[in-house]
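A quick write-up on the structure given underneath.
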Amino acid sequence: MKTLTVLMNGLLIGHLRKSSEGGMSFRYDESWLTTPDKRPISMHLPTEPALHTGDQVYNFFDNLLPDNPAIRTHIQQRFAVRSNHPFDLLEAIGKDCIGAIQLYRSDETPHLLRAIVGTPLSEDDLKQKVASSRTAPLGMTPSHEDFRISLAGAQDKTGFLWHDNQWQTPEGTTPTTHIIKLPIGKIDHNSIDLTDSVDNEWLCLNILRLYGLDITNADRLTIADTTVLAVERFDRRLSRDKSWIMRLPQEDMCQALGYSSGQKYQADGGPGMVEIMKLLERSDNAEKDRHDFMKINFLFWLMCAPDGHAKNFSIFILQGGKFKMTPFYDVLSLYPLMANRQINQRDIKMAMGLKGSKQYYNWYGPSLTIDHVLSTADQCGFSRDIMYDIVKTALAQTEEVIQKAEQLIPSDLSRDVSNSIFDGMRTTAARLEKQL
């Protein structure tokens with residue numbers, strides 16, 4: 001039986017174990033169960049003395065790892081891990097997971113938990129880090145053995161610490177504060193070119209913010225002639241005395257609802273809007289969270305942003321098992337790919353479907369109608385009148401949002417990206433306005 005100690009901001013939470021057969025179990029430590037500030041590591045793993053076993057444990061911890069099998073293989077090779085079992089991979093890189101969890105071997109002693117320790121990066125260092133992240137994802141380079149980071153997802157990315165007004169490589173247990181996302185580039189298996197993905201995502205996030213939604217902060221940076229997106233981690237926060245960086249407990253919707261990462265899309269058996277809206281009924285900020293979740297899903301259809309799957313929605317886990325939604329993140333529009341004929345609009349499928357006479361996933365065609373949006377609201381137990389008002393208001397705001405977004409665009413952002421997104425939004429909004 002192998003054991004990993006699970007910590008949260010230096011406090012002992014419990015123990016994750018792996019049997020000789022590969023099964024995983026998790027038990028909260030008694031000291032955590034008796035603390036007034038206790039909270040679960042997941043809404044699907046409640047704080048109780050009983051031993052948690054089975055898929056609910058496996059899926060939660062597996063979801064802390066990158067989705068991409070190639071990156072998992074790289075982690076396995078980089079750290080000479082004996083297998084690609086989630087337990088073994090987390091044993092190697094589990095010290096800076098998404099959220100607040102840190103995993104240590106039982107023979108390891110965490111150090112410098114409440115200090116900020118990092119190595120400043122020169123311009124040349126930054127260039128080298130970005131250049132090497134294609135082959136050494138997640139910041140895993142031989143020169144920094146202490147750097148461990150687990151960033152779920154498939155895009156090439158790395159992590160840096162922003163401290164004392166400079167980029168640094170975090171050391172020891174100091175967490176990263178920003179995720180640096182590189183251009184996705186060309187996807188070999190379908191010949192799609194997402195070289196402008198950074199411009200696309202930056203613009204989409206700002207558009208959603210202009211619609212009044214709570215969106216993660218992200219800035220475009222140029223490093224070594226490469227434009228990257230520096231995304232501020234909302235699961236990190238500087239302490240009041242500014243002496244250390246706190247890890248904020250959070251989980252994505254696959255974790256909160258007990259699904260595997262392979263089920264992040266509704267069509268693959270994962271959660272859809274109905275199941276997530278049911279969970280959000282228990283949110284500590286239920287009215288706003290449910291309203292904003294329905295609103296952003298409508299805006300995904302308006303913006304042709306199809307990748308709003310369950311892992312791209314997350315919740316903060318609060319004391320006593322309460323929770324609320326995090327800011328929204330990870331949004332790309334496919335209008336630019338349609339404009340340059342890289343993708344046929346008939347081939348675009350949304351991560352979560354709309355309800356009509358059946359479940360509609362296809363973005364193009366009869367799927368996106370006001371009736372289907374309202375029927376979906378009904379199915380989610382959400383007021384049709386409020387949903388109608390969300391749609392009507394969003395459509396009325398669209399031209400103003402576009403004009404304000406135009407004012408934010410830096411001179412070096414691809415105009416092909418911005419013009420195609422704006423044109424696509426205008427066309428879709430005009431079609432829907434006729435149905436009001």
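Within each chain, counting starts at residue 1; across the structure tokens, chains are named A, B, ... in the order shown, with ligands numbered 1 upward in that order.
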Backbone DSSP call of strand (DSSP E) for stretch 105-283 of chain A, listed as a short mmCIF file (atom, residue, chain, number, x, y, z; two decimals) with C-alpha atoms, in the first residue's frame:
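states07.cif, freshly written:
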```cif
data_model
loop_
_atom_site.label_atom_id
_atom_site.label_comp_id
_atom_site.auth_asym_id
_atom_site.auth_seq_id
_atom_site.Cartn_x
_atom_site.Cartn_y
_atom_site.Cartn_z
CA ARG A 105 5.20 11.22 -0.15
CA GLY A 118 11.56 32.27 -6.36
CA THR A 119 14.39 32.78 -8.81
CA PRO A 120 14.04 35.95 -10.92
CA LYS A 157 1.59 26.07 -21.31
CA THR A 158 3.92 26.76 -18.45
CA GLY A 159 3.65 28.51 -15.10
CA PHE A 160 5.48 31.47 -13.58
CA LEU A 161 5.48 33.37 -10.32
CA TRP A 162 4.85 37.13 -10.53
CA HIS A 163 6.47 38.71 -7.46
CA GLN A 166 9.08 40.52 -12.05
CA TRP A 167 8.61 37.03 -13.41
CA GLN A 168 10.20 34.29 -11.35
CA THR A 169 10.47 30.53 -11.22
CA PRO A 170 8.86 29.44 -7.92
CA HIS A 178 0.14 32.80 -13.65
CA ILE A 179 -0.38 30.27 -16.40
CA ILE A 180 1.46 31.16 -19.60
CA LYS A 181 -0.42 29.80 -22.61
CA GLY A 185 -0.55 26.36 -33.59
CA LYS A 186 -1.41 23.78 -36.22
CA ILE A 187 -3.32 20.67 -35.23
CA ILE A 192 -6.59 23.34 -38.42
CA ASP A 193 -4.32 26.31 -37.77
CA LEU A 194 -4.79 27.99 -34.38
CA ALA A 218 -5.40 37.68 -18.78
CA ASP A 219 -2.82 39.78 -20.62
CA ARG A 220 -1.02 39.36 -23.94
CA LEU A 221 2.76 39.32 -23.61
CA THR A 222 5.47 39.08 -26.24
CA ILE A 223 8.36 36.81 -25.28
CA THR A 226 6.01 34.81 -29.48
CA THR A 227 2.74 36.29 -28.26
CA VAL A 228 1.57 34.40 -25.19
CA LEU A 229 -1.38 34.75 -22.85
CA ALA A 230 -0.52 35.33 -19.19
CA VAL A 231 -3.57 34.13 -17.26
CA GLU A 232 -3.78 35.17 -13.62
CA ARG A 236 -4.01 31.93 -5.83
CA ARG A 237 -4.16 34.97 -3.56
CA LEU A 238 -1.55 37.01 -1.74
CA ILE A 245 0.67 33.12 -1.50
CA MET A 246 -2.44 31.22 -0.47
CA ARG A 247 -3.88 28.36 -2.47
CA GLN A 250 -11.47 24.80 -6.06
CA GLU A 251 -12.53 22.03 -8.43
CA ASP A 252 -14.00 21.76 -11.90
#
```
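When atom CA of A:Asn63 is paired with atom CA of A:Ser25, their separation reads 15.2 Å.
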Item to complete: Mind checking which residues fall within 9 Å of A:Gly22, counting only C-alpha atoms, ignoring those fewer than 4 positions away in the same chain, and posting them as a list in words?
Response: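 Neighbouring residues, sequence-local ones excluded: Lys18, His85 and Phe87 of chain A.
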Could you save the residues just selected, with C-alpha atoms, as an mmCIF file, in the first residue's frame?
```
data_model
loop_
_atom_site.group_PDB
_atom_site.id
_atom_site.type_symbol
_atom_site.label_atom_id
_atom_site.label_comp_id
_atom_site.auth_asym_id
_atom_site.auth_seq_id
_atom_site.Cartn_x
_atom_site.Cartn_y
_atom_site.Cartn_z
ATOM 1 C CA LYS A 18 -3.002 3.108 -3.757
ATOM 2 C CA HIS A 85 -1.350 5.685 -13.064
ATOM 3 C CA PHE A 87 -1.263 8.173 -8.177
#
```
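Residues in contact with stretch 43-50 of chain A at 8 Å, where only C-alpha atoms are counted and same-chain residues fewer than 5 positions away are skipped, are listed as Arg27, Tyr28, Asp29, Glu30, Leu33, Lys38, Gln56, Val57, Gln255, Ala256, Leu257, Gly258, Ile317 and Gly321 of chain A.
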Fill in: Minimum-distance residue to A:Ile75, chosen among A:Met253, A:Ala92, A:Ala394, A:Ile296 (using only C-alpha atoms)
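Of A:Met253, A:Ala92, A:Ala394, A:Ile296, the one nearest A:Ile75, counting only C-alpha atoms, is A:Ala92.
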Give me the residues of stretch 262-283 of chain A that have any atom at most 10 Å from an atom of stretch 348-351 of chain A; for each, the nearest atom pair and the distance in Å, rounded to one decimal. Use only C-alpha atoms, sort by chain and number, and format it as a tab-separated table.
```
residue	atom	partner	partner_atom	distance
A:Lys264	CA	A:Ala351	CA	8.3
A:Tyr265	CA	A:Ala351	CA	5.3
A:Gln266	CA	A:Ala351	CA	6.2
A:Ala267	CA	A:Ala351	CA	7.4
A:Asp268	CA	A:Ala351	CA	9.5
A:Gly270	CA	A:Ala351	CA	9.6
A:Pro271	CA	A:Ala351	CA	9.8
A:Gly272	CA	A:Ala351	CA	8.2
A:Met273	CA	A:Ala351	CA	9.9
```
Using the selection just defined, write its residues with N, CA and C atoms as a tab-separated table (two decimals), in the first residue's frame.
```
chain	number	residue	atom	x	y	z
A	264	LYS	N	-15.81	14.90	-20.18
A	264	LYS	CA	-16.02	16.33	-20.00
A	264	LYS	C	-17.06	16.89	-20.97
A	265	TYR	N	-17.26	16.22	-22.11
A	265	TYR	CA	-18.28	16.65	-23.05
A	265	TYR	C	-19.59	15.92	-22.78
A	266	GLN	N	-20.69	16.64	-22.86
A	266	GLN	CA	-21.99	16.03	-22.60
A	266	GLN	C	-22.27	14.87	-23.54
A	267	ALA	N	-21.92	15.01	-24.80
A	267	ALA	CA	-22.18	13.96	-25.78
A	267	ALA	C	-21.39	12.68	-25.50
A	268	ASP	N	-20.34	12.79	-24.67
A	268	ASP	CA	-19.54	11.63	-24.29
A	268	ASP	C	-19.98	11.06	-22.95
A	270	GLY	N	-20.91	13.02	-20.31
A	270	GLY	CA	-20.60	13.93	-19.22
A	270	GLY	C	-21.77	14.82	-18.84
A	271	PRO	N	-21.56	15.70	-17.87
A	271	PRO	CA	-22.64	16.57	-17.41
A	271	PRO	C	-22.99	17.64	-18.43
A	272	GLY	N	-24.27	17.96	-18.49
A	272	GLY	CA	-24.75	19.05	-19.33
A	272	GLY	C	-25.25	20.18	-18.45
A	273	MET	N	-25.97	21.09	-19.06
A	273	MET	CA	-26.44	22.26	-18.34
A	273	MET	C	-27.39	21.89	-17.20
```
Worksheet item: Nearest to A:Lys322 among A:Arg39, A:Lys358, A:Lys242, A:Lys278, with distances taken over only C-alpha atoms: which residue is it?
Response: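 For A:Lys322, the nearest of the candidates is A:Arg39.
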Practice prompt. Within 12 Å of stretch 333-345 of chain A, counting only C-alpha atoms, which residues show up once you throw out same-chain ones fewer than 3 positions away? Write them as JSON, numbers by chain, please.
Written response: {"A": [186, 187, 190, 191, 192, 193, 194, 195, 196, 197, 198, 199, 200, 201, 202, 203, 204, 205, 207, 208, 299, 300, 301, 302, 303, 304, 305, 306, 307, 308, 330, 348, 349, 350, 362, 363, 364, 365, 414, 415, 416, 417, 418, 419, 420, 421, 422, 423, 424, 425, 426, 427, 428]}
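When atom CA of A:Asp55 is paired with atom CA of A:Ser83, their separation reads 19.0 Å.
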Discussion item. Based on the backbone DSSP call, show me all residues of stretch 63-261 of chain A assigned helix (DSSP H, G or I), as number ranges by chain.
Written reply: A: 69-78, 86-93, 123-132, 137-139, 197-210, 253-257, 261
For the selection you just gave me, I'd like the residues written to a file as a short mmCIF file (atom, residue, chain, number, x, y, z; two decimals), in the first residue's frame, keeping N, CA and C atoms.
```
data_model
loop_
_atom_site.label_atom_id
_atom_site.label_comp_id
_atom_site.auth_asym_id
_atom_site.auth_seq_id
_atom_site.Cartn_x
_atom_site.Cartn_y
_atom_site.Cartn_z
N PRO A 69 -2.85 12.87 -23.24
CA PRO A 69 -2.04 11.67 -22.97
C PRO A 69 -0.56 11.88 -23.28
N ALA A 70 -0.25 12.69 -24.30
CA ALA A 70 1.15 12.93 -24.66
C ALA A 70 1.88 13.65 -23.53
N ILE A 71 1.19 14.60 -22.89
CA ILE A 71 1.82 15.32 -21.78
C ILE A 71 1.99 14.39 -20.58
N ARG A 72 1.02 13.52 -20.35
CA ARG A 72 1.16 12.55 -19.27
C ARG A 72 2.36 11.63 -19.52
N THR A 73 2.52 11.22 -20.77
CA THR A 73 3.67 10.38 -21.11
C THR A 73 4.97 11.12 -20.88
N HIS A 74 4.98 12.42 -21.22
CA HIS A 74 6.18 13.23 -21.00
C HIS A 74 6.49 13.33 -19.52
N ILE A 75 5.47 13.52 -18.69
CA ILE A 75 5.68 13.57 -17.24
C ILE A 75 6.28 12.25 -16.75
N GLN A 76 5.72 11.16 -17.24
CA GLN A 76 6.21 9.84 -16.84
C GLN A 76 7.68 9.66 -17.20
N GLN A 77 8.05 10.09 -18.40
CA GLN A 77 9.43 9.95 -18.84
C GLN A 77 10.35 10.93 -18.12
N ARG A 78 9.88 12.16 -17.97
CA ARG A 78 10.71 13.21 -17.36
C ARG A 78 11.10 12.86 -15.93
N PRO A 86 -2.59 7.65 -12.21
CA PRO A 86 -2.69 8.98 -11.62
C PRO A 86 -1.92 9.13 -10.30
N PHE A 87 -1.97 8.12 -9.46
CA PHE A 87 -1.26 8.17 -8.18
C PHE A 87 0.23 8.37 -8.41
N ASP A 88 0.80 7.60 -9.32
CA ASP A 88 2.24 7.68 -9.57
C ASP A 88 2.64 9.02 -10.18
N LEU A 89 1.81 9.54 -11.09
CA LEU A 89 2.12 10.83 -11.69
C LEU A 89 2.00 11.95 -10.66
N LEU A 90 0.99 11.88 -9.80
CA LEU A 90 0.82 12.91 -8.77
C LEU A 90 1.92 12.84 -7.72
N GLU A 91 2.46 11.66 -7.52
CA GLU A 91 3.60 11.53 -6.60
C GLU A 91 4.77 12.39 -7.09
N ALA A 92 4.87 12.53 -8.42
CA ALA A 92 5.96 13.29 -9.02
C ALA A 92 5.65 14.78 -9.12
N ILE A 93 4.42 15.15 -9.47
CA ILE A 93 4.15 16.57 -9.78
C ILE A 93 3.00 17.15 -8.96
N GLU A 123 15.35 38.28 -19.26
CA GLU A 123 14.68 38.21 -20.55
C GLU A 123 15.09 36.95 -21.30
N ASP A 124 16.37 36.61 -21.22
CA ASP A 124 16.85 35.38 -21.88
C ASP A 124 16.25 34.14 -21.23
N ASP A 125 16.12 34.17 -19.90
CA ASP A 125 15.51 33.04 -19.20
C ASP A 125 14.07 32.84 -19.66
N LEU A 126 13.33 33.95 -19.76
CA LEU A 126 11.94 33.86 -20.20
C LEU A 126 11.85 33.27 -21.61
N LYS A 127 12.73 33.74 -22.49
CA LYS A 127 12.74 33.23 -23.86
C LYS A 127 13.00 31.73 -23.87
N GLN A 128 13.95 31.30 -23.05
CA GLN A 128 14.29 29.87 -23.00
C GLN A 128 13.13 29.06 -22.46
N LYS A 129 12.46 29.59 -21.43
CA LYS A 129 11.33 28.87 -20.83
C LYS A 129 10.20 28.70 -21.84
N VAL A 130 9.89 29.77 -22.54
CA VAL A 130 8.80 29.71 -23.52
C VAL A 130 9.18 28.79 -24.67
N ALA A 131 10.41 28.92 -25.15
CA ALA A 131 10.85 28.09 -26.28
C ALA A 131 10.85 26.61 -25.90
N SER A 132 11.22 26.30 -24.67
CA SER A 132 11.33 24.89 -24.26
C SER A 132 10.01 24.28 -23.85
N PRO A 137 6.61 20.61 -21.36
CA PRO A 137 5.42 21.30 -20.90
C PRO A 137 5.37 21.39 -19.39
N LEU A 138 4.60 22.36 -18.91
CA LEU A 138 4.34 22.55 -17.48
C LEU A 138 5.58 22.99 -16.72
N GLY A 139 6.55 23.59 -17.43
CA GLY A 139 7.71 24.12 -16.74
C GLY A 139 8.69 23.07 -16.27
N SER A 197 -4.44 31.70 -31.62
CA SER A 197 -5.29 31.34 -30.48
C SER A 197 -5.15 32.32 -29.31
N VAL A 198 -3.96 32.88 -29.12
CA VAL A 198 -3.78 33.82 -28.01
C VAL A 198 -4.61 35.08 -28.24
N ASP A 199 -4.56 35.63 -29.45
CA ASP A 199 -5.38 36.80 -29.78
C ASP A 199 -6.87 36.47 -29.64
N ASN A 200 -7.24 35.30 -30.12
CA ASN A 200 -8.63 34.85 -30.08
C ASN A 200 -9.13 34.76 -28.64
N GLU A 201 -8.37 34.08 -27.79
CA GLU A 201 -8.82 33.90 -26.40
C GLU A 201 -8.84 35.23 -25.65
N TRP A 202 -7.81 36.05 -25.85
CA TRP A 202 -7.77 37.35 -25.17
C TRP A 202 -9.01 38.17 -25.53
N LEU A 203 -9.35 38.20 -26.81
CA LEU A 203 -10.50 38.98 -27.25
C LEU A 203 -11.81 38.39 -26.71
N CYS A 204 -11.95 37.08 -26.76
CA CYS A 204 -13.18 36.44 -26.26
C CYS A 204 -13.40 36.73 -24.78
N LEU A 205 -12.33 36.65 -23.99
CA LEU A 205 -12.45 36.93 -22.56
C LEU A 205 -12.90 38.37 -22.32
N ASN A 206 -12.34 39.29 -23.10
CA ASN A 206 -12.73 40.70 -22.93
C ASN A 206 -14.15 40.95 -23.40
N ILE A 207 -14.58 40.28 -24.45
CA ILE A 207 -15.97 40.41 -24.90
C ILE A 207 -16.93 39.94 -23.81
N LEU A 208 -16.65 38.80 -23.22
CA LEU A 208 -17.52 38.28 -22.16
C LEU A 208 -17.53 39.21 -20.95
N ARG A 209 -16.39 39.82 -20.65
CA ARG A 209 -16.36 40.77 -19.53
C ARG A 209 -17.22 41.99 -19.85
N LEU A 210 -17.21 42.43 -21.09
CA LEU A 210 -18.04 43.57 -21.49
C LEU A 210 -19.53 43.25 -21.43
N MET A 253 -16.15 21.08 -12.76
CA MET A 253 -17.44 20.41 -12.68
C MET A 253 -17.35 18.90 -12.86
N CYS A 254 -16.34 18.42 -13.58
CA CYS A 254 -16.15 16.97 -13.64
C CYS A 254 -15.85 16.43 -12.25
N GLN A 255 -14.99 17.12 -11.52
CA GLN A 255 -14.66 16.68 -10.17
C GLN A 255 -15.85 16.81 -9.23
N ALA A 256 -16.53 17.96 -9.29
CA ALA A 256 -17.64 18.21 -8.37
C ALA A 256 -18.78 17.22 -8.56
N LEU A 257 -18.94 16.71 -9.78
CA LEU A 257 -20.05 15.80 -10.08
C LEU A 257 -19.60 14.35 -10.24
N SER A 261 -12.27 12.75 -16.61
CA SER A 261 -11.92 13.79 -17.59
C SER A 261 -12.32 13.38 -19.00
#
```
Practice prompt. Have a look at A:Lys355, A:Thr53, A:Lys311, A:Tyr329 and name the one nearest to A:Asn217; count only C-alpha atoms.
Written response: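 Of A:Lys355, A:Thr53, A:Lys311, A:Tyr329, the one nearest A:Asn217 is A:Tyr329, counting only C-alpha atoms.
Straight-line separation from atom CA of A:Ile386 to atom CA of A:Leu318: 28.0 Å.
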Practice prompt. Using only C-alpha atoms, pick whichever of A:Leu354, A:Ile41, A:Phe79, A:Ser243 has the shortest atom-to-atom distance to A:Val117.
Written response: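 Distance minimum relative to A:Val117 lands on A:Ser243.
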Worksheet item: Neighbours of stretch 367-373 of chain A within 10 Å (only C-alpha atoms; same-chain residues fewer than 5 positions away dropped), as a ChimeraX atom specification?
Response: /A:294,297-298,301-302,353-362,378-379,384,387-388,391-392,428,431-436
Can I get the selection written as a tab-separated table (two decimals), in the first residue's frame, with N, CA and C atoms?
```tsv
chain	number	residue	atom	x	y	z
A	294	MET	N	-26.28	30.31	-17.21
A	294	MET	CA	-27.19	30.29	-18.36
A	294	MET	C	-26.80	31.36	-19.37
A	297	ASN	N	-23.60	30.38	-21.38
A	297	ASN	CA	-23.86	29.32	-22.34
A	297	ASN	C	-24.59	29.85	-23.57
A	298	PHE	N	-25.48	30.81	-23.38
A	298	PHE	CA	-26.10	31.45	-24.55
A	298	PHE	C	-25.05	32.22	-25.35
A	301	TRP	N	-22.96	30.20	-27.75
A	301	TRP	CA	-23.61	29.97	-29.06
A	301	TRP	C	-23.51	31.23	-29.92
A	302	LEU	N	-23.71	32.40	-29.32
A	302	LEU	CA	-23.63	33.65	-30.06
A	302	LEU	C	-22.22	33.88	-30.61
A	353	GLY	N	-25.42	20.74	-25.09
A	353	GLY	CA	-26.48	20.91	-26.06
A	353	GLY	C	-27.66	21.73	-25.57
A	354	LEU	N	-28.48	22.16	-26.53
A	354	LEU	CA	-29.75	22.82	-26.25
A	354	LEU	C	-30.87	21.80	-26.39
A	355	LYS	N	-31.92	22.01	-25.63
A	355	LYS	CA	-33.03	21.06	-25.61
A	355	LYS	C	-34.16	21.52	-26.52
A	356	GLY	N	-34.50	20.66	-27.47
A	356	GLY	CA	-35.69	20.87	-28.28
A	356	GLY	C	-36.46	19.57	-28.31
A	357	SER	N	-36.83	19.10	-29.47
A	357	SER	CA	-37.45	17.78	-29.58
A	357	SER	C	-36.42	16.69	-29.29
A	358	LYS	N	-35.14	17.08	-29.34
A	358	LYS	CA	-34.02	16.22	-28.97
A	358	LYS	C	-32.92	17.12	-28.39
A	359	GLN	N	-31.78	16.53	-28.07
A	359	GLN	CA	-30.65	17.32	-27.60
A	359	GLN	C	-29.87	17.81	-28.81
A	360	TYR	N	-29.75	19.12	-28.96
A	360	TYR	CA	-29.07	19.70	-30.12
A	360	TYR	C	-27.64	20.12	-29.75
A	361	TYR	N	-26.66	19.62	-30.50
A	361	TYR	CA	-25.26	19.99	-30.30
A	361	TYR	C	-24.69	20.77	-31.48
A	362	ASN	N	-25.23	20.55	-32.68
A	362	ASN	CA	-24.69	21.22	-33.86
A	362	ASN	C	-24.92	22.72	-33.79
A	378	ASP	N	-36.21	25.80	-19.20
A	378	ASP	CA	-37.25	25.00	-18.53
A	378	ASP	C	-36.66	23.72	-17.96
A	379	GLN	N	-35.90	23.03	-18.77
A	379	GLN	CA	-35.32	21.75	-18.35
A	379	GLN	C	-34.37	21.95	-17.17
A	384	ARG	N	-38.21	30.91	-17.57
A	384	ARG	CA	-38.24	31.27	-18.99
A	384	ARG	C	-38.20	32.78	-19.16
A	387	MET	N	-34.72	33.98	-18.63
A	387	MET	CA	-33.88	33.55	-19.76
A	387	MET	C	-34.17	34.40	-20.99
A	388	TYR	N	-35.43	34.69	-21.23
A	388	TYR	CA	-35.80	35.54	-22.36
A	388	TYR	C	-35.17	36.92	-22.21
A	391	VAL	N	-31.46	36.79	-23.03
A	391	VAL	CA	-31.24	36.74	-24.48
A	391	VAL	C	-31.50	38.11	-25.10
A	392	LYS	N	-32.63	38.69	-24.77
A	392	LYS	CA	-33.01	39.98	-25.36
A	392	LYS	C	-31.99	41.06	-25.02
A	428	THR	N	-25.09	36.39	-36.29
A	428	THR	CA	-25.89	35.50	-35.44
A	428	THR	C	-26.89	36.29	-34.60
A	431	ARG	N	-29.86	37.30	-36.74
A	431	ARG	CA	-30.76	36.17	-37.00
A	431	ARG	C	-31.65	35.89	-35.79
A	432	LEU	N	-31.07	35.96	-34.60
A	432	LEU	CA	-31.85	35.66	-33.39
A	432	LEU	C	-32.82	36.78	-33.05
A	433	GLU	N	-32.42	38.02	-33.33
A	433	GLU	CA	-33.32	39.14	-33.03
A	433	GLU	C	-34.63	39.03	-33.79
A	434	LYS	N	-34.60	38.44	-34.96
A	434	LYS	CA	-35.82	38.26	-35.75
A	434	LYS	C	-36.80	37.29	-35.08
A	435	GLN	N	-36.29	36.47	-34.16
A	435	GLN	CA	-37.14	35.49	-33.49
A	435	GLN	C	-37.76	36.01	-32.19
A	436	LEU	N	-37.33	37.19	-31.74
A	436	LEU	CA	-37.85	37.73	-30.48
A	436	LEU	C	-39.31	38.17	-30.62
```
